[in-house]
Structure formats: C-alpha cells, structure tokens
Amino acid sequence: AHRTDPLLGEIAFGAYRVGVKNWTAGRGKDAGSRGKGGRVTLAARVSEAFDAVPDAIGLTVG
C-alpha cells in the first residue's frame with residue numbers, strides 16, 4: 001500500500017486544482033461570473049471535481 005500513497009496524494013491535489021480552476025474560470029453547475037460565489041461556490045467546484053475522480057480512475061484502469 002505504501003507505493004500508492006503518493007499517487008493518492010497526486011489525485012487529491014489534482015482534483016483540488018481542477019475545482020479551483022473551474023471556480024476561477026466561472027465554470028460548473030449554476031456558474032456565474034469568474035470566481036463568483038465565494039467560498040460556498042469554491043467548495044462546490046472542488047466537491048464536483050472530487051466526485052469525478054472514481055469515474056476518471058475507471059476510465060484509465062478499465
């Protein structure tokens with residue numbers, strides 16, 4: 001399990017970065033202008049990115 005720990009960290013950090021980029025670009029569900037919505041919208045964008053991780057992993061393994 002030790003060998004997968006760095007990979008898990010990379011996946012988590014990558015999902016966080018995607019969520020932040022989507023927030024700053026004004027993308028995502030019910031998106032408004034760039035960065036609109038403050039922390040609540042930022043948290044939603046990051047959550048959406050983490051929700052997509054299992055499907056993304058399935059595409060690469062399956």
# chains A, B, ... in the order shown; residues from 1 in each chain; ligands from 1
$ residues_around --residues "Lys21 (chain A)" --least-positions-apart "6" --cutoff "10 Å" --atoms "only C-alpha atoms" --output "short mmCIF file (atom, residue, chain, number, x, y, z; two decimals) with N, CA, C and O atoms, in the first residue's frame"
data_model
loop_
_atom_site.label_atom_id
_atom_site.label_comp_id
_atom_site.auth_asym_id
_atom_site.auth_seq_id
_atom_site.Cartn_x
_atom_site.Cartn_y
_atom_site.Cartn_z
N ALA A 15 -7.45 16.94 -8.18
CA ALA A 15 -8.89 17.24 -8.11
C ALA A 15 -9.11 18.62 -7.50
O ALA A 15 -9.96 19.39 -7.97
N ARG A 27 -16.78 28.22 -14.34
CA ARG A 27 -17.39 27.01 -14.90
C ARG A 27 -18.03 26.20 -13.79
O ARG A 27 -17.70 26.34 -12.63
N ARG A 34 -16.68 34.86 -13.20
CA ARG A 34 -15.44 34.28 -12.68
C ARG A 34 -15.28 34.51 -11.19
O ARG A 34 -15.35 35.63 -10.72
N GLY A 35 -15.08 33.41 -10.46
CA GLY A 35 -14.84 33.50 -9.03
C GLY A 35 -16.04 33.92 -8.20
O GLY A 35 -15.91 34.19 -7.02
N LEU A 42 -16.73 27.91 -4.33
CA LEU A 42 -15.43 27.26 -4.42
C LEU A 42 -15.52 25.83 -3.88
O LEU A 42 -15.06 24.88 -4.52
N ARG A 45 -17.30 23.61 -6.40
CA ARG A 45 -16.47 23.24 -7.56
C ARG A 45 -15.46 22.16 -7.18
O ARG A 45 -15.23 21.22 -7.93
N VAL A 46 -14.85 22.28 -6.00
CA VAL A 46 -13.88 21.28 -5.55
C VAL A 46 -14.59 19.95 -5.30
O VAL A 46 -14.10 18.89 -5.69
#
$ residues_around --residues "Thr41 (chain A)" --least-positions-apart "6" --cutoff "12 Å" --atoms "only C-alpha atoms" --output "list of chain:residue names"
A:Gly19, A:Val20, A:Asn22, A:Trp23, A:Thr24, A:Ala25, A:Gly26, A:Arg27, A:Gly28, A:Lys29, A:Asp30, A:Ala31, A:Gly32, A:Ser33, A:Arg34, A:Gly35, A:Ser47, A:Glu48
$ write_last_selection --atoms "C-alpha atoms" --output "tab-separated table (two decimals), in the first residue's frame"
chain	number	residue	atom	x	y	z
A	19	GLY	CA	-12.05	22.57	-8.78
A	20	VAL	CA	-10.21	25.83	-8.13
A	22	ASN	CA	-13.26	25.79	-12.61
A	23	TRP	CA	-14.26	28.26	-9.90
A	24	THR	CA	-11.89	30.98	-11.09
A	25	ALA	CA	-13.00	30.46	-14.70
A	26	GLY	CA	-16.70	30.61	-13.81
A	27	ARG	CA	-17.39	27.01	-14.90
A	28	GLY	CA	-19.57	24.41	-13.21
A	29	LYS	CA	-23.16	23.89	-12.15
A	30	ASP	CA	-25.04	27.19	-11.84
A	31	ALA	CA	-21.82	29.06	-12.57
A	32	GLY	CA	-21.86	32.80	-12.60
A	33	SER	CA	-19.05	35.15	-13.41
A	34	ARG	CA	-15.44	34.28	-12.68
A	35	GLY	CA	-14.84	33.50	-9.03
A	47	SER	CA	-16.54	18.77	-4.49
A	48	GLU	CA	-17.61	18.30	-8.12
$ select_by_dssp --residues "chain A" --states "alpha helix (DSSP H)" --output "number ranges by chain"
A: 5-25, 38-51, 53-61
$ residues_around --residues "Ala12 (chain A)" --least-positions-apart "6" --cutoff "10 Å" --atoms "only C-alpha atoms" --output "list in words"
Pro6, Ala49, Phe50 and Val53 of chain A
$ atom_distance --atom1 "CA of Gly9 (chain A)" --atom2 "CA of Ala44 (chain A)"
20.2 Å
$ atom_distance --atom1 "CA of Asp51 (chain A)" --atom2 "CA of Leu8 (chain A)"
14.5 Å
